[in-house]
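So this one's input-v3.tsv, TSV, C-alpha atoms and all ligand atoms:
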```tsv
chain	number	residue	atom	x	y	z
R	1	MET	CA	-40.66	67.90	-15.87
R	2	SER	CA	-37.56	65.80	-15.67
R	3	SER	CA	-34.60	67.29	-13.96
R	4	PRO	CA	-31.31	67.20	-15.86
R	5	ILE	CA	-29.69	66.12	-12.60
R	6	SER	CA	-31.38	62.72	-12.77
R	7	HIS	CA	-29.52	61.96	-15.99
R	8	LEU	CA	-26.22	62.71	-14.31
R	9	LYS	CA	-26.82	60.53	-11.28
R	10	THR	CA	-23.72	58.44	-10.61
R	11	PRO	CA	-24.54	54.75	-10.90
R	12	ASN	CA	-24.20	52.82	-7.68
R	13	THR	CA	-22.04	49.72	-7.17
R	14	ALA	CA	-24.73	47.23	-8.19
R	15	GLU	CA	-25.49	49.26	-11.34
R	16	ARG	CA	-21.83	49.52	-12.28
R	17	LEU	CA	-21.45	45.79	-11.75
R	18	THR	CA	-24.34	45.17	-14.15
R	19	ILE	CA	-22.74	47.49	-16.71
R	20	ILE	CA	-19.37	45.69	-16.49
R	21	GLN	CA	-21.05	42.27	-16.76
R	22	ALA	CA	-22.84	43.46	-19.88
R	23	GLU	CA	-19.57	44.77	-21.36
R	24	ILE	CA	-17.84	41.45	-20.68
R	25	ARG	CA	-20.70	39.62	-22.36
R	26	LYS	CA	-20.56	41.93	-25.36
R	27	ALA	CA	-16.76	41.59	-25.71
R	28	ALA	CA	-17.07	37.80	-25.49
R	29	LEU	CA	-19.85	37.50	-28.05
R	30	SER	CA	-18.26	39.87	-30.54
R	31	ASN	CA	-15.12	37.70	-30.41
R	32	GLY	CA	-16.98	34.44	-30.84
R	33	ARG	CA	-16.47	33.44	-27.24
R	34	ASP	CA	-18.90	32.01	-24.71
R	35	PRO	CA	-19.45	34.64	-21.98
R	36	ALA	CA	-19.78	31.79	-19.46
R	37	GLU	CA	-16.08	30.99	-19.82
R	38	ILE	CA	-15.11	34.44	-18.49
R	39	THR	CA	-15.08	35.04	-14.72
R	40	LEU	CA	-15.35	38.56	-13.40
R	41	VAL	CA	-13.10	38.91	-10.35
R	42	VAL	CA	-14.39	42.01	-8.58
R	43	VAL	CA	-11.35	43.65	-6.98
R	44	SER	CA	-12.37	45.01	-3.58
R	45	LYS	CA	-8.95	45.99	-2.19
R	46	THR	CA	-9.01	49.15	-0.05
R	47	PHE	CA	-12.84	49.11	0.11
R	48	PRO	CA	-14.54	48.24	3.40
R	49	ALA	CA	-17.13	45.51	3.87
R	50	GLU	CA	-20.02	48.02	3.64
R	51	ALA	CA	-18.90	48.98	0.16
R	52	ILE	CA	-18.61	45.33	-0.93
R	53	LEU	CA	-22.02	44.25	0.42
R	54	PRO	CA	-24.11	45.66	-2.45
R	55	ALA	CA	-22.14	43.50	-4.89
R	56	LEU	CA	-22.71	40.39	-2.75
R	57	GLU	CA	-26.38	41.24	-2.28
R	58	SER	CA	-26.84	41.60	-6.02
R	59	GLY	CA	-25.60	38.02	-6.37
R	60	HIS	CA	-21.94	38.41	-7.31
R	61	ARG	CA	-19.66	35.89	-5.61
R	62	VAL	CA	-16.09	36.19	-6.97
R	63	PHE	CA	-13.80	38.80	-5.42
R	64	GLY	CA	-10.11	39.69	-5.46
R	65	GLU	CA	-7.89	41.12	-2.74
R	66	ASN	CA	-4.20	41.96	-2.99
R	67	ARG	CA	-3.19	41.64	0.67
R	68	VAL	CA	-3.59	38.68	3.01
R	69	GLN	CA	-3.83	40.95	6.05
R	70	GLU	CA	-6.56	43.13	4.58
R	71	ALA	CA	-8.52	40.09	3.40
R	72	ARG	CA	-8.35	38.60	6.90
R	73	ALA	CA	-9.92	41.75	8.36
R	74	LYS	CA	-12.84	41.84	5.91
R	75	TRP	CA	-13.69	38.45	4.48
R	76	PRO	CA	-14.24	35.87	7.25
R	77	ALA	CA	-17.37	37.77	8.42
R	78	LEU	CA	-18.63	38.19	4.84
R	79	ARG	CA	-18.06	34.50	4.18
R	80	GLU	CA	-20.26	33.62	7.13
R	81	ARG	CA	-23.11	35.45	5.45
R	82	PHE	CA	-22.24	34.31	1.93
R	83	PRO	CA	-20.61	30.86	2.28
R	84	ASP	CA	-20.51	30.27	-1.48
R	85	LEU	CA	-18.28	33.24	-2.26
R	86	GLU	CA	-14.90	32.75	-3.95
R	87	LEU	CA	-11.89	34.78	-2.85
R	88	HIS	CA	-8.88	35.31	-5.13
R	89	LEU	CA	-5.44	36.54	-4.05
R	90	ILE	CA	-4.19	38.85	-6.80
R	91	GLY	CA	-1.31	40.50	-4.91
R	92	PRO	CA	2.17	39.25	-3.97
R	93	LEU	CA	2.45	36.33	-1.56
R	94	GLN	CA	5.16	36.18	1.14
R	95	SER	CA	6.28	32.80	2.46
R	96	ASN	CA	5.25	33.63	6.02
R	97	LYS	CA	1.65	34.17	4.79
R	98	VAL	CA	1.31	31.00	2.74
R	99	ARG	CA	-0.45	28.98	5.43
R	100	GLU	CA	-3.07	31.66	5.98
R	101	ALA	CA	-3.46	32.31	2.26
R	102	VAL	CA	-4.16	28.64	1.56
R	103	ALA	CA	-6.77	28.58	4.32
R	104	MET	CA	-8.52	31.79	3.28
R	105	PHE	CA	-8.31	32.02	-0.52
R	106	ASP	CA	-9.87	29.87	-3.23
R	107	ALA	CA	-7.45	30.99	-5.92
R	108	ILE	CA	-3.93	32.42	-6.04
R	109	HIS	CA	-2.89	34.41	-9.12
R	110	THR	CA	0.63	35.37	-8.14
R	111	ILE	CA	2.93	32.35	-7.88
R	112	ASP	CA	6.27	33.69	-9.05
R	113	ARG	CA	9.19	31.87	-7.42
R	114	PRO	CA	10.32	28.38	-6.38
R	115	LYS	CA	10.21	29.14	-2.66
R	116	ILE	CA	6.53	30.12	-2.84
R	117	ALA	CA	5.69	27.18	-5.11
R	118	ALA	CA	7.28	24.74	-2.65
R	119	ALA	CA	5.59	26.32	0.38
R	120	LEU	CA	2.22	26.34	-1.39
R	121	ALA	CA	2.52	22.70	-2.37
R	122	GLU	CA	3.26	21.76	1.22
R	123	GLU	CA	0.37	23.77	2.71
R	124	ILE	CA	-2.15	22.66	0.08
R	125	ALA	CA	-1.33	19.03	0.89
R	126	LYS	CA	-1.40	19.66	4.64
R	127	GLN	CA	-4.73	21.48	4.57
R	128	ALA	CA	-6.17	19.21	1.85
R	129	ARG	CA	-7.42	22.28	-0.03
R	130	ALA	CA	-8.12	22.63	-3.75
R	131	LEU	CA	-7.12	26.05	-5.03
R	132	LYS	CA	-7.11	27.48	-8.52
R	133	LEU	CA	-3.47	28.35	-9.19
R	134	PHE	CA	-1.95	30.86	-11.59
R	135	ILE	CA	1.67	31.79	-12.25
R	136	GLU	CA	2.34	35.51	-12.61
R	137	ILE	CA	4.38	36.46	-15.66
R	138	ASN	CA	6.21	39.80	-15.77
R	139	THR	CA	5.42	40.28	-19.47
R	140	GLY	CA	7.01	43.72	-19.59
R	141	GLY	CA	10.22	42.55	-17.89
R	142	GLU	CA	9.83	45.42	-15.44
R	143	GLU	CA	12.46	45.41	-12.72
R	144	GLN	CA	10.21	46.59	-9.90
R	145	LYS	CA	7.39	44.22	-10.78
R	146	ALA	CA	6.72	40.72	-9.47
R	147	GLY	CA	6.39	37.78	-11.81
R	148	VAL	CA	8.48	35.32	-13.76
R	149	LEU	CA	10.29	36.75	-16.78
R	150	PRO	CA	8.85	35.50	-20.11
R	151	GLN	CA	12.12	33.73	-20.99
R	152	ASP	CA	11.99	31.78	-17.71
R	153	ALA	CA	8.29	30.93	-17.89
R	154	ASP	CA	8.45	27.49	-19.52
R	155	THR	CA	11.05	26.20	-17.04
R	156	PHE	CA	9.17	27.56	-14.03
R	157	ILE	CA	5.84	26.14	-15.21
R	158	THR	CA	7.49	22.73	-15.70
R	159	ASP	CA	9.15	22.90	-12.29
R	160	CYS	CA	5.85	23.78	-10.61
R	161	ARG	CA	4.24	20.77	-12.23
R	162	THR	CA	6.94	18.14	-11.89
R	163	LYS	CA	9.11	19.23	-8.98
R	164	TYR	CA	6.47	20.74	-6.70
R	165	ARG	CA	3.46	18.85	-8.08
R	166	LEU	CA	1.37	22.00	-8.07
R	167	PRO	CA	-1.73	21.76	-10.28
R	168	ILE	CA	-1.13	25.04	-12.12
R	169	GLU	CA	-4.12	25.98	-14.29
R	170	GLY	CA	-3.24	29.36	-15.69
R	171	LEU	CA	-1.12	32.49	-16.08
R	172	MET	CA	-1.63	36.04	-14.90
R	173	CYS	CA	-0.10	39.35	-15.97
R	174	ILE	CA	-0.24	43.06	-15.18
R	175	PRO	CA	1.00	44.93	-18.28
R	176	PRO	CA	3.17	48.03	-17.80
R	177	PHE	CA	0.72	50.87	-17.18
R	178	ASP	CA	2.30	53.17	-19.76
R	179	GLU	CA	2.18	50.73	-22.68
R	180	PRO	CA	-0.62	49.40	-24.87
R	181	PRO	CA	-1.70	46.18	-23.14
R	182	ALA	CA	-2.57	44.08	-26.21
R	183	PRO	CA	0.98	42.80	-26.95
R	184	HIS	CA	1.26	41.71	-23.31
R	185	PHE	CA	-2.05	39.87	-23.45
R	186	ALA	CA	-0.94	38.21	-26.69
R	187	LEU	CA	2.35	37.12	-25.11
R	188	LEU	CA	0.60	35.66	-22.06
R	189	GLN	CA	-1.79	33.78	-24.33
R	190	LYS	CA	1.12	32.39	-26.33
R	191	ILE	CA	3.01	31.16	-23.24
R	192	ALA	CA	-0.17	29.57	-21.83
R	193	LYS	CA	-0.95	27.85	-25.12
R	194	ARG	CA	2.42	26.21	-25.58
R	195	ASN	CA	2.28	25.00	-21.97
R	196	HIS	CA	-1.30	23.74	-22.28
R	197	LEU	CA	-2.66	26.01	-19.54
R	198	PRO	CA	-6.38	26.75	-19.97
R	199	LEU	CA	-6.77	29.85	-17.76
R	200	LEU	CA	-5.67	33.44	-18.36
R	201	SER	CA	-6.01	36.10	-15.65
R	202	MET	CA	-5.61	39.41	-17.45
R	203	GLY	CA	-7.43	42.68	-18.02
R	204	MET	CA	-8.44	45.32	-15.48
R	205	SER	CA	-10.91	48.25	-15.52
R	206	ALA	CA	-9.27	50.02	-18.44
R	207	ASP	CA	-8.54	47.08	-20.70
R	208	PHE	CA	-10.65	44.01	-19.89
R	209	ALA	CA	-12.37	44.10	-23.29
R	210	SER	CA	-8.98	43.87	-25.02
R	211	ALA	CA	-7.93	41.03	-22.71
R	212	ILE	CA	-11.06	39.11	-23.71
R	213	VAL	CA	-10.02	39.36	-27.35
R	214	PHE	CA	-6.78	37.55	-26.38
R	215	GLY	CA	-8.53	34.83	-24.43
R	216	ALA	CA	-8.84	36.12	-20.85
R	217	THR	CA	-10.81	33.71	-18.65
R	218	HIS	CA	-10.49	35.87	-15.53
R	219	VAL	CA	-10.73	39.67	-15.69
R	220	ARG	CA	-9.89	41.61	-12.53
R	221	VAL	CA	-11.96	44.77	-12.28
R	222	GLY	CA	-11.91	47.18	-9.34
R	223	SER	CA	-12.25	50.91	-9.89
R	224	ALA	CA	-14.82	50.61	-12.70
R	225	ILE	CA	-17.14	49.07	-10.10
R	226	PHE	CA	-16.19	50.66	-6.77
R	227	GLY	CA	-14.85	54.01	-8.01
R	228	GLU	CA	-11.34	55.38	-7.73
R	229	ARG	CA	-9.18	54.19	-4.86
R	230	THR	CA	-7.45	56.69	-2.60
R	231	SER	CA	-4.59	54.28	-1.81
R	232	ASN	CA	-2.81	51.24	-3.37
J	301	LIG	C1	-5.93	46.68	-8.18
J	301	LIG	C2	-5.73	45.55	-9.11
J	301	LIG	C3	-6.66	45.29	-10.14
J	301	LIG	C4	-7.88	46.16	-10.40
J	301	LIG	O1	-7.49	47.36	-11.00
J	301	LIG	P1	-8.59	48.40	-11.55
J	301	LIG	O2	-7.83	49.23	-12.49
J	301	LIG	O3	-9.07	49.14	-10.35
J	301	LIG	O4	-9.66	47.63	-12.19
J	301	LIG	C5	-6.44	44.20	-10.94
J	301	LIG	N1	-5.38	43.38	-10.75
J	301	LIG	C6	-4.48	43.59	-9.78
J	301	LIG	C7	-3.35	42.64	-9.63
J	301	LIG	C8	-4.62	44.68	-8.93
J	301	LIG	O5	-3.71	44.87	-7.96
```
Conversion result in structure tokens:
Amino acid sequence: MSSPISHLKTPNTAERLTIIQAEIRKAALSNGRDPAEITLVVVSKTFPAEAILPALESGHRVFGENRVQEARAKWPALRERFPDLELHLIGPLQSNKVREAVAMFDAIHTIDRPKIAAALAEEIAKQARALKLFIEINTGGEEQKAGVLPQDADTFITDCRTKYRLPIEGLMCIPPFDEPPAPHFALLQKIAKRNHLPLLSMGMSADFASAIVFGATHVRVGSAIFGERTSN
């Protein structure tokens, strides 16, 4: 006889990862998109290396962290075991951490001011690194939130390209948590399109399927894979 408990068993990290990958694939196909053009950035902030290992062991290689300091404590050892992994910085970047961020991360999603753009350009040249670079747009114009205001986006994108010679590839946004995200995804897509930027980092656990409808190329999913966080 089968126990009802077995049906209620909480899926583990590897199983949840498989479920999310399937949902991304489904959202892509039902919107006429190629699933291969969407990268799942598994957001591992606040979770220790032991919790991340099952995802690495199941073959996933792209992860996101929001703090340089936390990434430094967890990822160098993991990278020794999995040299082909890709680490994305999805949280704010301070100028005194730029050198370390350029050395440790493969992508930065949160460029949002001239000072950081200039410092990044300098370090990228110095370290001869190739990073995937995104500008964060504060689509909701929220005062407490990082990111360039939508009305300043075109100028900042142009400055990054011409003044700082940063090879910007995309835009990132975090919609206000108390609003429907779709208009924010649409706005980000519009700004990227008119500036000829191919990459869009948008969509989290609750709304990645909607982000895919609006062209997301990078979805950042944490709690749907690792469970609820107790901090951050
Ligand atoms: C924490 C975080 C995420 C992941 O959020 P979930 O809701 O747990 O999927 C995505 N993007 C950024 C910038 C984050 O800080």
Which residues of chain R sit at most 12 Å from ligand LIG 301 (chain J), using all atoms listed in the file? Give each one's shortest atom pair and distance in Å (one decimal place), in chain and ascending residue order, as CSV.
```
residue,atom,partner,partner_atom,distance
R:Leu17,CA,J:LIG301,O4,11.9
R:Ile20,CA,J:LIG301,O4,10.8
R:Leu40,CA,J:LIG301,O4,10.8
R:Val41,CA,J:LIG301,C5,8.5
R:Val42,CA,J:LIG301,C4,7.9
R:Val43,CA,J:LIG301,C4,5.5
R:Ser44,CA,J:LIG301,C1,8.1
R:Lys45,CA,J:LIG301,C1,6.7
R:Thr46,CA,J:LIG301,C1,9.0
R:Phe47,CA,J:LIG301,C1,11.1
R:Phe63,CA,J:LIG301,C5,10.7
R:Gly64,CA,J:LIG301,C5,8.0
R:Glu65,CA,J:LIG301,O5,7.7
R:Asn66,CA,J:LIG301,O5,5.8
R:Arg67,CA,J:LIG301,O5,9.2
R:His88,CA,J:LIG301,C7,10.2
R:Leu89,CA,J:LIG301,C7,8.5
R:Ile90,CA,J:LIG301,C7,4.8
R:Gly91,CA,J:LIG301,C7,5.6
R:Pro92,CA,J:LIG301,C7,8.6
R:Leu93,CA,J:LIG301,C7,11.8
R:Ile108,CA,J:LIG301,C7,10.8
R:His109,CA,J:LIG301,C7,8.3
R:Thr110,CA,J:LIG301,C7,8.4
R:Glu136,CA,J:LIG301,C7,9.6
R:Ile137,CA,J:LIG301,C7,11.6
R:Asn138,CA,J:LIG301,C7,11.7
R:Lys145,CA,J:LIG301,C7,10.9
R:Ala146,CA,J:LIG301,C7,10.3
R:Gly147,CA,J:LIG301,C7,11.1
R:Met172,CA,J:LIG301,C7,8.6
R:Cys173,CA,J:LIG301,C7,7.8
R:Ile174,CA,J:LIG301,C7,6.4
R:Pro175,CA,J:LIG301,C7,9.9
R:Pro176,CA,J:LIG301,C7,11.8
R:Phe177,CA,J:LIG301,O2,9.9
R:Ser201,CA,J:LIG301,N1,8.8
R:Met202,CA,J:LIG301,N1,7.8
R:Gly203,CA,J:LIG301,C5,7.3
R:Met204,CA,J:LIG301,O4,4.2
R:Ser205,CA,J:LIG301,O4,3.6
R:Ala206,CA,J:LIG301,O2,6.2
R:Asp207,CA,J:LIG301,O2,8.5
R:Phe208,CA,J:LIG301,O4,8.6
R:Ala209,CA,J:LIG301,O4,12.0
R:His218,CA,J:LIG301,N1,10.3
R:Val219,CA,J:LIG301,C5,7.8
R:Arg220,CA,J:LIG301,C5,4.6
R:Val221,CA,J:LIG301,O4,3.7
R:Gly222,CA,J:LIG301,O3,3.6
R:Ser223,CA,J:LIG301,O3,3.7
R:Ala224,CA,J:LIG301,O4,6.0
R:Ile225,CA,J:LIG301,O4,7.9
R:Phe226,CA,J:LIG301,O3,8.1
R:Gly227,CA,J:LIG301,O3,7.9
R:Glu228,CA,J:LIG301,O3,7.1
R:Arg229,CA,J:LIG301,O3,7.5
R:Thr230,CA,J:LIG301,O3,10.9
R:Ser231,CA,J:LIG301,C1,10.0
R:Asn232,CA,J:LIG301,C1,7.3
```
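Between atom CA of Glu143 of chain R and atom CA of Ile111 of chain R the interatomic distance comes to 16.9 Å.
The interatomic distance for the pair atom CA of Arg25 of chain R and atom CA of Leu197 of chain R works out to 22.8 Å.
Atom CA of Arg161 of chain R is positioned 13.5 Å from atom CA of Asp112 of chain R.
Of the listed residues (R:Leu166, R:Ile135, R:Leu85, R:Leu120), R:Leu120 comes nearest to Val98 of chain R; the distances count only C-alpha atoms.
Of the residues under consideration (R:Leu78, R:Ala36, R:Ala125, R:Leu187), R:Leu78 shows the shortest atom-to-atom contact distance to Glu50 of chain R when counting all atoms listed in the file.
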Which residues come within 8 Å of Arg129 of chain R, counting only C-alpha atoms, excluding same-chain residues fewer than 5 positions away, as a list of chain:residue names? R:Val102, R:Ala103, R:Ile124
